[in-house]
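Trainee: Just run31.cif, nothing more (mmCIF, C-alpha atoms):
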data_work
loop_
_atom_site.group_PDB
_atom_site.id
_atom_site.type_symbol
_atom_site.label_atom_id
_atom_site.label_comp_id
_atom_site.auth_asym_id
_atom_site.auth_seq_id
_atom_site.Cartn_x
_atom_site.Cartn_y
_atom_site.Cartn_z
ATOM 1 C CA MET A 1 3.688 21.228 37.048
ATOM 2 C CA LYS A 2 0.663 22.825 35.450
ATOM 3 C CA VAL A 3 0.972 25.899 33.331
ATOM 4 C CA THR A 4 -1.700 28.228 32.092
ATOM 5 C CA LEU A 5 -2.614 28.173 28.467
ATOM 6 C CA THR A 6 -4.059 31.650 28.267
ATOM 7 C CA ASN A 7 -1.683 32.756 25.532
ATOM 8 C CA PHE A 8 -2.447 29.796 23.353
ATOM 9 C CA ASP A 9 -4.511 30.053 20.249
ATOM 10 C CA LYS A 10 -7.865 28.394 20.890
ATOM 11 C CA ALA A 11 -7.959 27.149 17.319
ATOM 12 C CA PHE A 12 -4.856 25.044 17.966
ATOM 13 C CA GLU A 13 -6.007 23.547 21.250
ATOM 14 C CA ASN A 14 -7.025 20.479 19.358
ATOM 15 C CA ARG A 15 -4.109 18.351 18.320
ATOM 16 C CA ILE A 16 -5.476 17.440 14.908
ATOM 17 C CA ARG A 17 -6.032 21.081 14.035
ATOM 18 C CA LEU A 18 -2.461 21.833 14.996
ATOM 19 C CA GLN A 19 -1.256 18.930 12.873
ATOM 20 C CA ILE A 20 -3.307 20.075 9.879
ATOM 21 C CA MET A 21 -1.745 23.509 10.206
ATOM 22 C CA SER A 22 1.767 21.958 10.423
ATOM 23 C CA VAL A 23 1.212 20.136 7.159
ATOM 24 C CA LEU A 24 -0.149 23.217 5.388
ATOM 25 C CA VAL A 25 2.705 25.401 6.597
ATOM 26 C CA ALA A 26 5.268 22.876 5.315
ATOM 27 C CA ASN A 27 3.605 22.428 1.913
ATOM 28 C CA GLU A 28 2.278 24.769 -0.739
ATOM 29 C CA SER A 29 -1.054 22.966 -0.595
ATOM 30 C CA TYR A 30 -2.425 19.591 0.442
ATOM 31 C CA ASP A 31 -5.467 17.635 -0.663
ATOM 32 C CA PHE A 32 -8.159 16.142 1.535
ATOM 33 C CA ASN A 33 -7.366 12.487 0.957
ATOM 34 C CA SER A 34 -3.624 12.861 1.497
ATOM 35 C CA LEU A 35 -4.323 14.750 4.724
ATOM 36 C CA LYS A 36 -6.719 12.057 5.867
ATOM 37 C CA GLU A 37 -4.168 9.352 5.241
ATOM 38 C CA LEU A 38 -1.286 11.246 6.818
ATOM 39 C CA LEU A 39 -3.138 12.133 10.000
ATOM 40 C CA ASP A 40 -5.013 8.826 10.147
ATOM 41 C CA VAL A 41 -8.429 10.362 10.902
ATOM 42 C CA THR A 42 -11.950 9.786 9.611
ATOM 43 C CA ASP A 43 -13.562 11.864 6.864
ATOM 44 C CA GLY A 44 -16.037 13.514 9.219
ATOM 45 C CA ASN A 45 -13.452 14.265 11.849
ATOM 46 C CA LEU A 46 -11.063 15.846 9.390
ATOM 47 C CA ALA A 47 -13.833 17.805 7.671
ATOM 48 C CA SER A 48 -15.037 19.340 10.917
ATOM 49 C CA HIS A 49 -11.525 20.425 11.928
ATOM 50 C CA LEU A 50 -10.915 21.883 8.479
ATOM 51 C CA LYS A 51 -14.199 23.787 8.761
ATOM 52 C CA ALA A 52 -13.098 25.239 12.090
ATOM 53 C CA LEU A 53 -9.771 26.401 10.643
ATOM 54 C CA GLU A 54 -11.562 27.815 7.628
ATOM 55 C CA LYS A 55 -13.884 29.778 9.904
ATOM 56 C CA GLU A 56 -10.862 31.329 11.624
ATOM 57 C CA GLU A 57 -9.613 32.201 8.116
ATOM 58 C CA TYR A 58 -6.407 30.317 8.852
ATOM 59 C CA ILE A 59 -6.780 28.241 5.696
ATOM 60 C CA THR A 60 -8.296 28.730 2.279
ATOM 61 C CA VAL A 61 -10.088 26.032 0.325
ATOM 62 C CA ASN A 62 -9.614 25.415 -3.341
ATOM 63 C CA LYS A 63 -12.188 23.148 -4.930
ATOM 64 C CA SER A 64 -11.660 21.737 -8.387
ATOM 65 C CA PHE A 65 -12.254 18.579 -10.372
ATOM 66 C CA LEU A 66 -9.752 15.969 -11.503
ATOM 67 C CA GLY A 67 -11.730 14.399 -14.295
ATOM 68 C CA ARG A 68 -14.992 13.641 -12.481
ATOM 69 C CA LYS A 69 -13.558 13.327 -9.018
ATOM 70 C CA PRO A 70 -13.727 16.369 -6.786
ATOM 71 C CA ASN A 71 -10.302 17.450 -5.632
ATOM 72 C CA THR A 72 -10.261 19.753 -2.639
ATOM 73 C CA ARG A 73 -6.976 21.393 -1.771
ATOM 74 C CA TYR A 74 -6.207 23.365 1.357
ATOM 75 C CA ILE A 75 -3.756 26.233 1.617
ATOM 76 C CA ALA A 76 -2.519 28.004 4.728
ATOM 77 C CA SER A 77 -3.404 31.701 4.679
ATOM 78 C CA ALA A 78 -0.931 34.390 5.734
ATOM 79 C CA LEU A 79 -2.994 34.853 8.869
ATOM 80 C CA GLY A 80 -2.841 31.125 9.575
ATOM 81 C CA VAL A 81 0.922 30.919 9.121
ATOM 82 C CA GLN A 82 1.352 33.873 11.457
ATOM 83 C CA ALA A 83 -0.899 32.300 14.088
ATOM 84 C CA PHE A 84 0.938 28.982 13.777
ATOM 85 C CA LYS A 85 4.332 30.621 14.268
ATOM 86 C CA LYS A 86 3.038 32.500 17.269
ATOM 87 C CA HIS A 87 1.716 29.290 18.745
ATOM 88 C CA LEU A 88 5.071 27.539 18.279
ATOM 89 C CA GLN A 89 6.842 30.502 19.851
ATOM 90 C CA GLU A 90 4.491 30.228 22.798
ATOM 91 C CA LEU A 91 5.291 26.528 23.188
ATOM 92 C CA GLU A 92 8.998 27.311 23.150
ATOM 93 C CA ASN A 93 8.606 30.072 25.707
ATOM 94 C CA LEU A 94 6.773 27.708 27.996
ATOM 95 C CA ILE A 95 9.535 25.147 27.802
ATOM 96 C CA ARG A 96 12.146 27.777 28.485
ATOM 97 C CA GLN A 97 10.186 29.066 31.485
ATOM 98 C CA GLN A 98 9.846 25.634 32.976
ATOM 99 C CA ARG A 99 13.496 24.853 32.502
ATOM 100 C CA GLY A 100 14.678 28.293 33.619
ATOM 101 C CA MET B 1 0.482 20.585 30.302
ATOM 102 C CA GLU B 2 3.777 19.187 31.488
ATOM 103 C CA ASP B 3 7.241 19.768 30.160
ATOM 104 C CA LYS B 4 7.527 16.423 28.425
ATOM 105 C CA ASP B 5 4.067 16.844 26.903
ATOM 106 C CA LEU B 6 5.219 20.110 25.379
ATOM 107 C CA ILE B 7 8.273 18.461 23.928
ATOM 108 C CA ALA B 8 6.163 15.594 22.625
ATOM 109 C CA GLU B 9 3.824 18.150 21.055
ATOM 110 C CA ILE B 10 6.674 19.914 19.278
ATOM 111 C CA SER B 11 8.280 16.702 18.094
ATOM 112 C CA SER B 12 4.935 15.481 16.773
ATOM 113 C CA ILE B 13 4.639 18.713 14.763
ATOM 114 C CA ARG B 14 8.115 18.171 13.385
ATOM 115 C CA ASN B 15 7.360 14.575 12.568
ATOM 116 C CA ILE B 16 4.140 15.406 10.725
ATOM 117 C CA MET B 17 5.869 18.172 8.758
ATOM 118 C CA ASP B 18 8.581 15.751 7.701
ATOM 119 C CA ARG B 19 6.164 13.017 6.749
ATOM 120 C CA SER B 20 3.983 15.440 4.796
ATOM 121 C CA THR B 21 6.871 16.593 2.618
ATOM 122 C CA LYS B 22 9.045 13.499 2.281
ATOM 123 C CA PHE B 23 8.508 10.101 0.718
ATOM 124 C CA ILE B 24 10.322 7.727 3.030
ATOM 125 C CA SER B 25 9.461 4.320 1.617
ATOM 126 C CA LEU B 26 12.366 4.290 -0.836
ATOM 127 C CA SER B 27 14.236 1.078 -0.261
ATOM 128 C CA GLY B 28 17.976 1.130 0.366
ATOM 129 C CA LEU B 29 18.319 -2.453 -0.797
ATOM 130 C CA SER B 30 17.075 -1.494 -4.258
ATOM 131 C CA GLY B 31 20.026 0.919 -4.493
ATOM 132 C CA VAL B 32 22.405 -1.956 -3.787
ATOM 133 C CA MET B 33 20.706 -4.131 -6.410
ATOM 134 C CA ALA B 34 20.802 -1.320 -9.005
ATOM 135 C CA GLY B 35 24.517 -0.973 -8.303
ATOM 136 C CA ILE B 36 25.102 -4.671 -8.825
ATOM 137 C CA TYR B 37 23.172 -4.670 -12.118
ATOM 138 C CA ALA B 38 25.209 -1.659 -13.264
ATOM 139 C CA LEU B 39 28.491 -3.376 -12.407
ATOM 140 C CA VAL B 40 27.488 -6.559 -14.233
ATOM 141 C CA GLY B 41 26.372 -4.459 -17.208
ATOM 142 C CA ALA B 42 29.627 -2.507 -17.201
ATOM 143 C CA TRP B 43 31.622 -5.747 -17.048
ATOM 144 C CA LEU B 44 29.719 -7.159 -20.034
ATOM 145 C CA ALA B 45 30.246 -3.909 -21.948
ATOM 146 C CA TYR B 46 33.951 -3.976 -21.078
ATOM 147 C CA LYS B 47 34.258 -7.487 -22.415
ATOM 148 C CA LEU B 48 32.477 -6.490 -25.601
ATOM 149 C CA LEU B 49 34.605 -3.407 -26.093
ATOM 150 C CA TYR B 50 38.079 -4.443 -25.078
ATOM 151 C CA VAL B 51 38.389 -8.218 -24.903
ATOM 152 C CA THR B 52 37.163 -9.120 -28.365
ATOM 153 C CA ASP B 53 39.069 -11.357 -30.677
ATOM 154 C CA ASP B 54 40.573 -9.247 -33.514
ATOM 155 C CA SER B 55 39.508 -11.696 -36.182
ATOM 156 C CA PHE B 56 35.947 -10.942 -35.208
ATOM 157 C CA ILE B 57 36.149 -7.362 -36.474
ATOM 158 C CA VAL B 58 34.461 -7.404 -39.818
ATOM 159 C CA ARG B 59 32.170 -5.072 -41.664
ATOM 160 C CA GLY B 60 29.012 -4.363 -39.764
ATOM 161 C CA TYR B 61 30.575 -5.381 -36.482
ATOM 162 C CA TYR B 62 30.455 -1.895 -35.049
ATOM 163 C CA ARG B 63 26.759 -1.639 -35.750
ATOM 164 C CA LEU B 64 26.258 -4.916 -33.861
ATOM 165 C CA LEU B 65 28.459 -3.715 -31.031
ATOM 166 C CA GLU B 66 26.470 -0.541 -30.647
ATOM 167 C CA GLU B 67 23.200 -2.437 -30.561
ATOM 168 C CA ARG B 68 24.521 -4.815 -27.940
ATOM 169 C CA LEU B 69 25.757 -1.990 -25.727
ATOM 170 C CA ILE B 70 22.398 -0.252 -25.903
ATOM 171 C CA LEU B 71 20.691 -3.555 -25.130
ATOM 172 C CA ILE B 72 22.868 -4.023 -22.030
ATOM 173 C CA ALA B 73 22.153 -0.465 -20.868
ATOM 174 C CA MET B 74 18.403 -0.963 -21.372
ATOM 175 C CA ALA B 75 18.464 -4.252 -19.468
ATOM 176 C CA VAL B 76 20.306 -2.617 -16.547
ATOM 177 C CA LEU B 77 17.820 0.272 -16.506
ATOM 178 C CA PHE B 78 14.795 -2.018 -16.702
ATOM 179 C CA LEU B 79 16.004 -4.375 -13.958
ATOM 180 C CA SER B 80 16.961 -1.459 -11.685
ATOM 181 C CA VAL B 81 13.602 0.276 -12.035
ATOM 182 C CA LEU B 82 11.692 -2.993 -11.595
ATOM 183 C CA THR B 83 13.658 -3.934 -8.461
ATOM 184 C CA GLY B 84 13.312 -0.402 -7.108
ATOM 185 C CA VAL B 85 9.547 -0.371 -7.561
ATOM 186 C CA LEU B 86 9.060 -3.873 -6.104
ATOM 187 C CA LEU B 87 11.249 -3.299 -3.044
ATOM 188 C CA THR B 88 9.702 0.116 -2.403
ATOM 189 C CA LEU B 89 6.214 -1.395 -2.607
ATOM 190 C CA ARG B 90 7.314 -4.071 -0.151
ATOM 191 C CA LYS B 91 8.789 -1.568 2.281
ATOM 192 C CA ALA B 92 5.702 0.659 2.098
ATOM 193 C CA GLY B 93 3.481 -2.385 2.620
ATOM 194 C CA LYS B 94 5.417 -3.408 5.716
ATOM 195 C CA LYS B 95 5.102 0.073 7.184
ATOM 196 C CA GLY B 96 1.472 0.415 6.127
ATOM 197 C CA GLN B 97 2.171 3.519 4.038
ATOM 198 C CA SER B 98 0.735 4.225 0.650
ATOM 199 C CA VAL B 99 3.098 4.631 -2.300
ATOM 200 C CA TRP B 100 0.937 6.821 -4.491
ATOM 201 C CA ASN B 101 0.438 10.057 -2.607
ATOM 202 C CA GLN B 102 1.331 13.715 -2.786
ATOM 203 C CA THR B 103 4.962 13.168 -1.708
ATOM 204 C CA SER B 104 5.736 10.331 -4.118
ATOM 205 C CA GLN B 105 4.130 12.302 -6.942
ATOM 206 C CA SER B 106 6.247 15.373 -6.163
ATOM 207 C CA LEU B 107 9.299 13.123 -5.957
ATOM 208 C CA LEU B 108 8.674 11.605 -9.387
ATOM 209 C CA LEU B 109 7.624 14.850 -11.026
ATOM 210 C CA ASN B 110 10.697 16.738 -9.840
ATOM 211 C CA GLY B 111 13.085 13.931 -10.648
ATOM 212 C CA ALA B 112 11.521 13.206 -14.034
ATOM 213 C CA LEU B 113 12.235 16.587 -15.611
ATOM 214 C CA PRO B 114 16.062 16.427 -15.550
ATOM 215 C CA LEU B 115 15.987 12.660 -16.073
ATOM 216 C CA VAL B 116 13.785 12.696 -19.181
ATOM 217 C CA THR B 117 15.626 15.724 -20.559
ATOM 218 C CA GLY B 118 18.910 13.857 -20.095
ATOM 219 C CA GLY B 119 17.537 10.659 -21.586
ATOM 220 C CA VAL B 120 16.266 12.412 -24.710
ATOM 221 C CA PHE B 121 19.479 14.420 -25.023
ATOM 222 C CA CYS B 122 21.634 11.273 -24.754
ATOM 223 C CA GLY B 123 19.424 9.543 -27.316
ATOM 224 C CA ILE B 124 19.970 12.415 -29.750
ATOM 225 C CA MET B 125 23.736 12.344 -29.129
ATOM 226 C CA LEU B 126 23.769 8.575 -29.744
ATOM 227 C CA LEU B 127 21.947 8.997 -33.043
ATOM 228 C CA ARG B 128 24.391 11.702 -34.092
ATOM 229 C CA GLY B 129 27.328 9.476 -33.207
ATOM 230 C CA HIS B 130 28.722 11.499 -30.278
ATOM 231 C CA TYR B 131 29.455 8.440 -28.173
ATOM 232 C CA GLU B 132 31.996 10.177 -25.971
ATOM 233 C CA VAL B 133 29.365 12.381 -24.308
ATOM 234 C CA ILE B 134 27.079 9.518 -23.247
ATOM 235 C CA ALA B 135 28.873 8.508 -20.043
ATOM 236 C CA PRO B 136 29.351 12.056 -18.710
ATOM 237 C CA CYS B 137 25.837 13.124 -19.734
ATOM 238 C CA THR B 138 24.025 10.159 -18.199
ATOM 239 C CA LEU B 139 25.927 10.719 -14.930
ATOM 240 C CA ILE B 140 25.339 14.486 -14.879
ATOM 241 C CA PHE B 141 21.626 14.373 -15.699
ATOM 242 C CA TYR B 142 21.036 11.486 -13.296
ATOM 243 C CA GLY B 143 22.826 13.453 -10.576
ATOM 244 C CA LEU B 144 20.725 16.544 -11.298
ATOM 245 C CA ALA B 145 17.559 14.436 -11.135
ATOM 246 C CA LEU B 146 18.586 13.043 -7.747
ATOM 247 C CA VAL B 147 19.330 16.494 -6.357
ATOM 248 C CA ALA B 148 15.987 17.795 -7.649
ATOM 249 C CA ALA B 149 14.086 14.844 -6.171
ATOM 250 C CA SER B 150 15.987 14.799 -2.870
ATOM 251 C CA LYS B 151 13.819 17.566 -1.434
ATOM 252 C CA TYR B 152 10.970 15.057 -1.332
ATOM 253 C CA THR B 153 12.772 12.129 0.268
ATOM 254 C CA PHE B 154 15.792 11.385 2.465
ATOM 255 C CA GLY B 155 18.324 14.226 2.336
ATOM 256 C CA ASP B 156 21.097 11.671 1.716
ATOM 257 C CA VAL B 157 19.895 11.276 -1.878
ATOM 258 C CA LYS B 158 21.194 14.780 -2.540
ATOM 259 C CA TRP B 159 24.746 13.682 -1.760
ATOM 260 C CA LEU B 160 24.541 10.739 -4.123
ATOM 261 C CA GLY B 161 23.375 13.204 -6.781
ATOM 262 C CA MET B 162 26.234 15.628 -6.084
ATOM 263 C CA PHE B 163 28.802 12.838 -6.376
ATOM 264 C CA ASP B 164 27.265 11.660 -9.659
ATOM 265 C CA ILE B 165 27.374 15.199 -11.084
ATOM 266 C CA GLY B 166 31.034 15.515 -10.056
ATOM 267 C CA LEU B 167 31.878 12.143 -11.584
ATOM 268 C CA GLY B 168 30.078 13.102 -14.800
ATOM 269 C CA LEU B 169 32.156 16.264 -15.099
ATOM 270 C CA LEU B 170 35.339 14.274 -14.452
ATOM 271 C CA ALA B 171 34.276 11.752 -17.088
ATOM 272 C CA ALA B 172 33.965 14.634 -19.549
ATOM 273 C CA VAL B 173 37.583 15.583 -18.795
ATOM 274 C CA PHE B 174 38.809 12.015 -19.454
ATOM 275 C CA PRO B 175 36.841 10.917 -22.510
ATOM 276 C CA GLY B 176 38.449 7.488 -22.989
ATOM 277 C CA TYR B 177 37.456 6.277 -19.529
ATOM 278 C CA GLY B 178 33.692 6.767 -19.716
ATOM 279 C CA LEU B 179 32.897 3.173 -18.901
ATOM 280 C CA PHE B 180 34.981 3.241 -15.716
ATOM 281 C CA PHE B 181 33.383 6.446 -14.460
ATOM 282 C CA TRP B 182 30.026 5.040 -15.400
ATOM 283 C CA ALA B 183 30.674 1.793 -13.486
ATOM 284 C CA PHE B 184 31.845 3.776 -10.473
ATOM 285 C CA GLY B 185 28.943 6.252 -10.503
ATOM 286 C CA PHE B 186 26.107 3.844 -11.195
ATOM 287 C CA GLY B 187 27.676 0.739 -9.675
ATOM 288 C CA VAL B 188 29.939 1.423 -6.718
ATOM 289 C CA LEU B 189 28.199 4.607 -5.515
ATOM 290 C CA HIS B 190 24.758 2.971 -5.646
ATOM 291 C CA ILE B 191 25.979 0.018 -3.622
ATOM 292 C CA LEU B 192 27.614 2.312 -1.062
ATOM 293 C CA TYR B 193 24.601 4.582 -0.854
ATOM 294 C CA GLY B 194 22.130 1.688 -0.722
ATOM 295 C CA THR B 195 24.046 0.021 2.089
ATOM 296 C CA ILE B 196 24.137 3.230 4.121
ATOM 297 C CA MET B 197 20.418 3.819 3.556
ATOM 298 C CA HIS B 198 19.572 0.240 4.421
ATOM 299 C CA PHE B 199 21.313 0.369 7.786
ATOM 300 C CA LYS B 200 20.203 3.921 8.526
ATOM 301 C CA TYR B 201 16.490 3.719 7.672
ATOM 302 C CA ASP B 202 15.308 0.256 6.672
ATOM 303 C CA ARG B 203 15.768 -1.631 9.905
#
Would you mind writing the structure in this file as structure tokens?

Mentor:
Amino acid sequence: MKVTLTNFDKAFENRIRLQIMSVLVANESYDFNSLKELLDVTDGNLASHLKALEKEEYITVNKSFLGRKPNTRYIASALGVQAFKKHLQELENLIRQQRG
Amino acid sequence: MEDKDLIAEISSIRNIMDRSTKFISLSGLSGVMAGIYALVGAWLAYKLLYVTDDSFIVRGYYRLLEERLILIAMAVLFLSVLTGVLLTLRKAGKKGQSVWNQTSQSLLLNGALPLVTGGVFCGIMLLRGHYEVIAPCTLIFYGLALVAASKYTFGDVKWLGMFDIGLGLLAAVFPGYGLFFWAFGFGVLHILYGTIMHFKYDR
């Protein structure tokens, strides 16, 4: 059975974006390389999804240096956490509807 | 999107949240090995302490005894850490996970604070000759370190920590039996815990 996705957040339509948000909600912050390894995606792919989330202001970026290496950390914004929770709620509602 | 896709979606979110916060390459087998080393160490210490020929007690003997006990403890610690690191590397390698990442760093950082504090404290107590507090203190601080680190790995580690803290407090109540509490906490409990972890997660 097909269901409409009108209530879903467009930013989370992509699975990787949703996964990035899951990680950032569960952790205070996460760095680029750890994210890349965890989600098993390429640099470019991850960077573009992070950009998209940043544009929605769902995440904030914190750039610093560890010695000479750049260390970029990502943090979920309050707006992002709220949107993520809403999205999860929507998923749950859908399941309940289909079962009900 | 179908029902089972939705459920798969939610479980994948859960899975990624878990993996992002927990270091799951800790090897159960290394717990068993650490327990065995501790039991062997405790047995050697027992022999040194209680089954020594009386004629052997001469001046300077106690100094020698103390050095030997510390040597045994150091050997147990060294072997346990070495085995733990090697088996964890092996397990991570098998699963294709890295061992040096955000979760393992959080795990070490959070565990290290109580552990190093306890180690330094016990060292000071040893130097000041308060031997009776060593067994309870090592157990208590080790337990606290496990509880602190457990947030970043399997939740079961927390229970091992709780039991060690309880045993440490009991050992403080019965000062003459430190070695037995120590052997139980570091030996028997590690073997039990390691076996459970091995069958629960390693296979």

Trainee: Apply the PyMOL selection byres ((chain B) within 8 of (chain A)) to the structure shown and report the selected residues as a ChimeraX atom specification.

Mentor: /B:1-3,6-7,10,13-14,16-17,19-21,101-102

Trainee: Would you save the residues from that selection as a short mmCIF file (atom, residue, chain, number, x, y, z; two decimals), in the frame of the given file, using C-alpha atoms?

Mentor:
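So the final result, stored in part04.cif, reads:
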data_model
loop_
_atom_site.label_atom_id
_atom_site.label_comp_id
_atom_site.auth_asym_id
_atom_site.auth_seq_id
_atom_site.Cartn_x
_atom_site.Cartn_y
_atom_site.Cartn_z
CA MET B 1 0.48 20.58 30.30
CA GLU B 2 3.78 19.19 31.49
CA ASP B 3 7.24 19.77 30.16
CA LEU B 6 5.22 20.11 25.38
CA ILE B 7 8.27 18.46 23.93
CA ILE B 10 6.67 19.91 19.28
CA ILE B 13 4.64 18.71 14.76
CA ARG B 14 8.12 18.17 13.38
CA ILE B 16 4.14 15.41 10.72
CA MET B 17 5.87 18.17 8.76
CA ARG B 19 6.16 13.02 6.75
CA SER B 20 3.98 15.44 4.80
CA THR B 21 6.87 16.59 2.62
CA ASN B 101 0.44 10.06 -2.61
CA GLN B 102 1.33 13.72 -2.79
#

Trainee: Just to confirm, what's the straight-line distance from atom CA of B:His198 to atom CA of B:Gly166 in Å (one decimal)?

Mentor: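 Atom CA of B:His198 sits 24.0 Å away from atom CA of B:Gly166.
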
Trainee: Please provide the set of residues having any atom within 12 Å of stretch 79-82 of chain B, restricted to only C-alpha atoms, with same-chain residues fewer than 4 positions apart removed, written as an NGL selection string.

Mentor: :B and (26-27 or 29-41 or 72-75 or 86-89 or 186-187 or 190)

Trainee: Residue by residue, what does the PyMOL selection byres ((chain A and resi 49) around 12) grab here? Present the result as a PyMOL selection string.

Mentor: chain A and resi 11-21+32+35-36+39+41-48+50-56+58-59

Trainee: Those same residues, written as a PDB file, in the frame of the given file with C-alpha atoms?

Mentor:
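And here's selection_29.pdb as it stands now:
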ATOM      1  CA  ALA A  11      -7.959  27.149  17.319  1.00  0.00           C
ATOM      2  CA  PHE A  12      -4.856  25.044  17.966  1.00  0.00           C
ATOM      3  CA  GLU A  13      -6.007  23.547  21.250  1.00  0.00           C
ATOM      4  CA  ASN A  14      -7.025  20.479  19.358  1.00  0.00           C
ATOM      5  CA  ARG A  15      -4.109  18.351  18.320  1.00  0.00           C
ATOM      6  CA  ILE A  16      -5.476  17.440  14.908  1.00  0.00           C
ATOM      7  CA  ARG A  17      -6.032  21.081  14.035  1.00  0.00           C
ATOM      8  CA  LEU A  18      -2.461  21.833  14.996  1.00  0.00           C
ATOM      9  CA  GLN A  19      -1.256  18.930  12.873  1.00  0.00           C
ATOM     10  CA  ILE A  20      -3.307  20.075   9.879  1.00  0.00           C
ATOM     11  CA  MET A  21      -1.745  23.509  10.206  1.00  0.00           C
ATOM     12  CA  PHE A  32      -8.159  16.142   1.535  1.00  0.00           C
ATOM     13  CA  LEU A  35      -4.323  14.750   4.724  1.00  0.00           C
ATOM     14  CA  LYS A  36      -6.719  12.057   5.867  1.00  0.00           C
ATOM     15  CA  LEU A  39      -3.138  12.133  10.000  1.00  0.00           C
ATOM     16  CA  VAL A  41      -8.429  10.362  10.902  1.00  0.00           C
ATOM     17  CA  THR A  42     -11.950   9.786   9.611  1.00  0.00           C
ATOM     18  CA  ASP A  43     -13.562  11.864   6.864  1.00  0.00           C
ATOM     19  CA  GLY A  44     -16.037  13.514   9.219  1.00  0.00           C
ATOM     20  CA  ASN A  45     -13.452  14.265  11.849  1.00  0.00           C
ATOM     21  CA  LEU A  46     -11.063  15.846   9.390  1.00  0.00           C
ATOM     22  CA  ALA A  47     -13.833  17.805   7.671  1.00  0.00           C
ATOM     23  CA  SER A  48     -15.037  19.340  10.917  1.00  0.00           C
ATOM     24  CA  LEU A  50     -10.915  21.883   8.479  1.00  0.00           C
ATOM     25  CA  LYS A  51     -14.199  23.787   8.761  1.00  0.00           C
ATOM     26  CA  ALA A  52     -13.098  25.239  12.090  1.00  0.00           C
ATOM     27  CA  LEU A  53      -9.771  26.401  10.643  1.00  0.00           C
ATOM     28  CA  GLU A  54     -11.562  27.815   7.628  1.00  0.00           C
ATOM     29  CA  LYS A  55     -13.884  29.778   9.904  1.00  0.00           C
ATOM     30  CA  GLU A  56     -10.862  31.329  11.624  1.00  0.00           C
ATOM     31  CA  TYR A  58      -6.407  30.317   8.852  1.00  0.00           C
ATOM     32  CA  ILE A  59      -6.780  28.241   5.696  1.00  0.00           C
TER      33      ILE A  59
END

Trainee: Evaluate the PyMOL selection byres ((chain B and resi 164) around 10) and record the selected residues as a VMD selection string, following the chain and residue labels used in the document.

Mentor: chain B and resid 136 138 to 144 146 to 147 158 to 163 165 to 170 181 to 182 184 to 186 189 to 190

Trainee: What does the distance from atom CA of B:Leu64 to atom CA of B:Leu48 come to in Å, to one decimal?

Mentor: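 About the pair atom CA of B:Leu64 and atom CA of B:Leu48: they are 10.5 Å apart.
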
Trainee: Given all atoms listed in the file as the basis, pick out the residue of A:His87, A:Asp9, A:Asn93, A:Thr60 nearest to A:Thr72.

Mentor: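 Closest to A:Thr72, using all atoms listed in the file: A:Thr60.
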
Trainee: Taking into account all atoms listed in the file, which residue in the set A:Asp40, A:Phe84, A:Lys63, A:Tyr74 is nearest to B:Gln97?

Mentor: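 Comparing A:Asp40, A:Phe84, A:Lys63, A:Tyr74 against B:Gln97, the winner is A:Asp40.
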
Trainee: Counting all atoms listed in the file, what is within 10 Å of stretch 121-128 of chain B, bar same-chain residues fewer than 5 positions away, as a PyMOL selection string?

Mentor: chain B and resi 66+70+115-116+133-138+141

Trainee: Would you work out the distance separating atom CA of B:Met197 from atom CA of B:Lys91, expressed in Å to one decimal?

Mentor: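 Here the two named atoms are 12.9 Å from each other.
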
Trainee: Choose the residue, out of B:Val76, B:Tyr131, B:Ser12, B:Leu108, that has the smallest atom-to-atom separation from B:Gly178; count all atoms listed in the file.

Mentor: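 Of B:Val76, B:Tyr131, B:Ser12, B:Leu108, the one nearest B:Gly178 is B:Tyr131, counting all atoms listed in the file.
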